[in-house]
Amino acid sequence: MVILKSRAEIDEMRKAGQIVAAFHQAIASMIRPGVTTLDIESFAVRFLKENGAKAYTVGYNGYPFATCASVNDVIAHGFPNRKPLQEGDIVKIDIVAEADGWIGDSAWCYAVGEVSEEARNLMRVTKECLYLGIEKAVVGNRIGDVMHAVQTHAEQNGYSVVRDLLGHGVGREMHEEPNYPHVGYPGKGFRLKEGMVFTIEPMLNAGKAFMKVDADGWTARTVDGSLSAQYEHTIAITADGPIILTEQ
């Protein structure tokens, strides 16, 4: 069942979204060669507590961290660790904050120092896909319209779209209905209604779209070792157009 939010509830969700947005702004300057993803994790725990939020993912289905830290060929759900980030890496940091009983969810991809042209292009196109999808997220459109914009732009630029990890509704819980891949056909899928709140979070690979999961049961990486990028916002559908809740 899709839980529609009132305009007042959407306004209440802004706090969690703004905390997540502020976190991403804060770590942008600390991500550099030599920093570890466990350093970022420790900062995240402190940042959320200082801003009146909780790390929703700690203990979620057994996940042990406040962030997911996914480097290079890791698509998503990477565990923070003590390995220093290296010049030329790209790292996806995903965080879910709970504030006043509402959820904010956003992932961002960061360049570590100077990265290759391939990495820069992949990051640029992935971010473009996110915002092209958001442009289509208006009342009356279908989810297929949104994801067709994502898929078309990705594939026109030579990248594949991960199908096995899904976007999802957001509210009191991190994962609400509906769930959907980031590919689609115009006019297909559920119709967007005022009050829907969900993520758009394209994951693009430089190689094949397929993924494999490590022995830890969480870390999802490309099957061919190719680079992967992701950008994610939580958005609300309103009569006035989409509102990005995780952007300052």
# chains A, B, ... in the order shown; residues from 1 in each chain; ligands from 1
$ residues_around --residues "Thr67 of chain A" --least-positions-apart "5" --cutoff "8 Å" --atoms "only C-alpha atoms" --output "list of chain:residue names"
A:Glu41, A:Ala44, A:Thr57, A:Phe79, A:Pro80, A:Ile93, A:Asp94, A:Ile95, A:Val96
$ write_last_selection --atoms "N, CA and C atoms" --output "CSV table (one decimal), in the first residue's frame"
chain,number,residue,atom,x,y,z
A,41,GLU,N,32.4,7.3,8.5
A,41,GLU,CA,31.4,6.7,9.3
A,41,GLU,C,31.3,7.3,10.7
A,44,ALA,N,29.8,10.7,10.6
A,44,ALA,CA,28.4,10.6,10.4
A,44,ALA,C,27.6,10.3,11.7
A,57,THR,N,20.0,3.1,9.7
A,57,THR,CA,20.4,1.8,9.1
A,57,THR,C,21.1,0.9,10.1
A,79,PHE,N,30.6,-1.8,3.1
A,79,PHE,CA,30.9,-1.5,4.5
A,79,PHE,C,32.0,-0.5,4.7
A,80,PRO,N,31.9,0.5,5.5
A,80,PRO,CA,33.0,1.4,5.9
A,80,PRO,C,34.2,0.5,6.4
A,93,ILE,N,28.7,7.6,-0.9
A,93,ILE,CA,28.3,7.6,0.5
A,93,ILE,C,26.8,7.7,0.6
A,94,ASP,N,26.2,6.7,1.2
A,94,ASP,CA,24.7,6.7,1.4
A,94,ASP,C,24.4,6.8,2.9
A,95,ILE,N,23.5,7.6,3.2
A,95,ILE,CA,23.1,7.8,4.6
A,95,ILE,C,21.6,7.9,4.7
A,96,VAL,N,21.0,7.4,5.8
A,96,VAL,CA,19.6,7.5,6.1
A,96,VAL,C,19.5,8.0,7.5
$ closest_atom_pairs --of "segment 99-139 of chain A" --to "segment 228-248 of chain A" --cutoff "8 Å" --atoms "only C-alpha atoms" --output "Markdown table"
| residue | atom | partner | partner_atom | distance |
| --- | --- | --- | --- | --- |
| A:Gly104 | CA | A:Thr234 | CA | 6.6 |
| A:Asp105 | CA | A:Thr234 | CA | 5.9 |
| A:Ser106 | CA | A:Glu232 | CA | 4.9 |
| A:Ala107 | CA | A:Glu232 | CA | 4.8 |
| A:Trp108 | CA | A:Tyr231 | CA | 4.7 |
| A:Cys109 | CA | A:Gln230 | CA | 5.9 |
| A:Leu122 | CA | A:Ala229 | CA | 6.6 |
| A:Met123 | CA | A:Ala229 | CA | 5.8 |
| A:Thr126 | CA | A:Gln230 | CA | 6.3 |
| A:Lys127 | CA | A:Tyr231 | CA | 5.8 |
| A:Leu130 | CA | A:Tyr231 | CA | 6.5 |
| A:Ile134 | CA | A:Pro242 | CA | 6.9 |
| A:Glu135 | CA | A:Pro242 | CA | 7.6 |
| A:Ala137 | CA | A:Pro242 | CA | 6.1 |
| A:Val138 | CA | A:Gly241 | CA | 5.5 |
| A:Val139 | CA | A:Ala239 | CA | 6.5 |
$ closest_residue --among "A:Ser6, A:Asn72, A:Asn81, A:Gln156" --to "Ser42 of chain A" --atoms "only C-alpha atoms"
A:Asn81
$ residues_around --residues "Val45 of chain A" --least-positions-apart "4" --cutoff "10 Å" --atoms "only C-alpha atoms" --output "list in words"
Ile40, Glu41, Lys49, Glu50, Ala53, Lys54, Ala55, Phe65, Ala66 and Thr67 of chain A
$ closest_atom_pairs --of "segment 51-95 of chain A" --to "segment 200-203 of chain A" --cutoff "12 Å" --atoms "only C-alpha atoms" --output "JSON lines"
{"residue": "A:Ser70", "atom": "CA", "partner": "A:Met203", "partner_atom": "CA", "distance": 11.6}
{"residue": "A:Asp73", "atom": "CA", "partner": "A:Met203", "partner_atom": "CA", "distance": 11.3}
{"residue": "A:Val74", "atom": "CA", "partner": "A:Met203", "partner_atom": "CA", "distance": 10.5}
{"residue": "A:Ile75", "atom": "CA", "partner": "A:Met203", "partner_atom": "CA", "distance": 7.0}
{"residue": "A:Ala76", "atom": "CA", "partner": "A:Met203", "partner_atom": "CA", "distance": 8.5}
{"residue": "A:Lys92", "atom": "CA", "partner": "A:Met203", "partner_atom": "CA", "distance": 10.2}
{"residue": "A:Asp94", "atom": "CA", "partner": "A:Glu201", "partner_atom": "CA", "distance": 10.5}
$ select_by_dssp --residues "segment 50-164 of chain A" --states "helix (DSSP H, G or I)" --output "count of residues only"
37
$ atom_distance --atom1 "atom CA of Pro178 of chain A" --atom2 "atom CA of Phe190 of chain A"
8.6 Å
$ closest_atom_pairs --of "segment 85-142 of chain A" --to "segment 183-187 of chain A" --cutoff "12 Å" --atoms "only C-alpha atoms" --output "CSV"
residue,atom,partner,partner_atom,distance
A:Cys129,CA,A:Val183,CA,11.1
A:Gly133,CA,A:Val183,CA,10.5
A:Lys136,CA,A:Pro186,CA,10.5
A:Gly140,CA,A:Gly187,CA,10.0
A:Asn141,CA,A:Gly187,CA,7.3
A:Arg142,CA,A:Gly187,CA,5.8
$ write_last_selection --atoms "C-alpha atoms" --output "PDB file, in the first residue's frame"
ATOM      1  CA  CYS A 129      20.104  11.111 -14.894  1.00  0.00           C
ATOM      2  CA  GLY A 133      14.209  11.809 -13.617  1.00  0.00           C
ATOM      3  CA  LYS A 136       9.525  13.976 -14.954  1.00  0.00           C
ATOM      4  CA  GLY A 140      -0.175  12.527 -13.646  1.00  0.00           C
ATOM      5  CA  ASN A 141       2.998  11.059 -15.082  1.00  0.00           C
ATOM      6  CA  ARG A 142       3.826   7.405 -14.560  1.00  0.00           C
TER       7      ARG A 142
END
$ select_by_dssp --residues "segment 97-149 of chain A" --states "strand (DSSP E or B)" --output "NGL selection string"
:A and (97-99 or 102-111 or 142)
$ closest_residue --among "A:Leu165, A:Val112, A:Met174, A:Leu192" --to "His77 of chain A" --atoms "only C-alpha atoms"
A:Leu165
$ residues_around --residues "Glu176 of chain A" --least-positions-apart "5" --cutoff "10 Å" --atoms "only C-alpha atoms" --output "PDB file with N, CA and C atoms, in the first residue's frame"
ATOM      1  N   MET A   1       0.839  -1.194   0.000  1.00  0.00           N
ATOM      2  CA  MET A   1       0.000   0.000   0.000  1.00  0.00           C
ATOM      3  C   MET A   1       0.876   1.246   0.000  1.00  0.00           C
ATOM      4  N   VAL A   2       0.621   2.162  -0.923  1.00  0.00           N
ATOM      5  CA  VAL A   2       1.351   3.425  -0.984  1.00  0.00           C
ATOM      6  C   VAL A   2       0.739   4.392   0.016  1.00  0.00           C
ATOM      7  N   ILE A   3       1.560   4.932   0.901  1.00  0.00           N
ATOM      8  CA  ILE A   3       1.091   5.865   1.929  1.00  0.00           C
ATOM      9  C   ILE A   3       1.305   7.285   1.432  1.00  0.00           C
ATOM     10  N   GLY A 167      14.538   1.724  -6.412  1.00  0.00           N
ATOM     11  CA  GLY A 167      14.031   2.889  -5.717  1.00  0.00           C
ATOM     12  C   GLY A 167      12.847   2.481  -4.859  1.00  0.00           C
ATOM     13  N   HIS A 168      12.435   3.373  -3.941  1.00  0.00           N
ATOM     14  CA  HIS A 168      11.413   2.960  -2.970  1.00  0.00           C
ATOM     15  C   HIS A 168      10.734   4.164  -2.347  1.00  0.00           C
ATOM     16  N   GLY A 169       9.550   3.927  -1.833  1.00  0.00           N
ATOM     17  CA  GLY A 169       8.859   4.936  -1.055  1.00  0.00           C
ATOM     18  C   GLY A 169       9.576   5.210   0.248  1.00  0.00           C
ATOM     19  N   VAL A 170       9.369   6.410   0.788  1.00  0.00           N
ATOM     20  CA  VAL A 170      10.010   6.833   2.031  1.00  0.00           C
ATOM     21  C   VAL A 170       8.961   7.522   2.907  1.00  0.00           C
ATOM     22  N   GLY A 171       9.041   7.309   4.204  1.00  0.00           N
ATOM     23  CA  GLY A 171       8.119   7.969   5.129  1.00  0.00           C
ATOM     24  C   GLY A 171       8.562   7.742   6.550  1.00  0.00           C
ATOM     25  N   VAL A 197       5.979  10.172  -1.647  1.00  0.00           N
ATOM     26  CA  VAL A 197       7.359  10.520  -1.324  1.00  0.00           C
ATOM     27  C   VAL A 197       8.204   9.283  -1.606  1.00  0.00           C
ATOM     28  N   PHE A 198       9.218   9.448  -2.446  1.00  0.00           N
ATOM     29  CA  PHE A 198      10.042   8.297  -2.815  1.00  0.00           C
ATOM     30  C   PHE A 198      11.423   8.744  -3.266  1.00  0.00           C
TER      31      PHE A 198
END
$ closest_residue --among "A:Asp145, A:Glu177, A:Asp89, A:Glu155" --to "Ser116 of chain A" --atoms "only C-alpha atoms"
A:Asp89
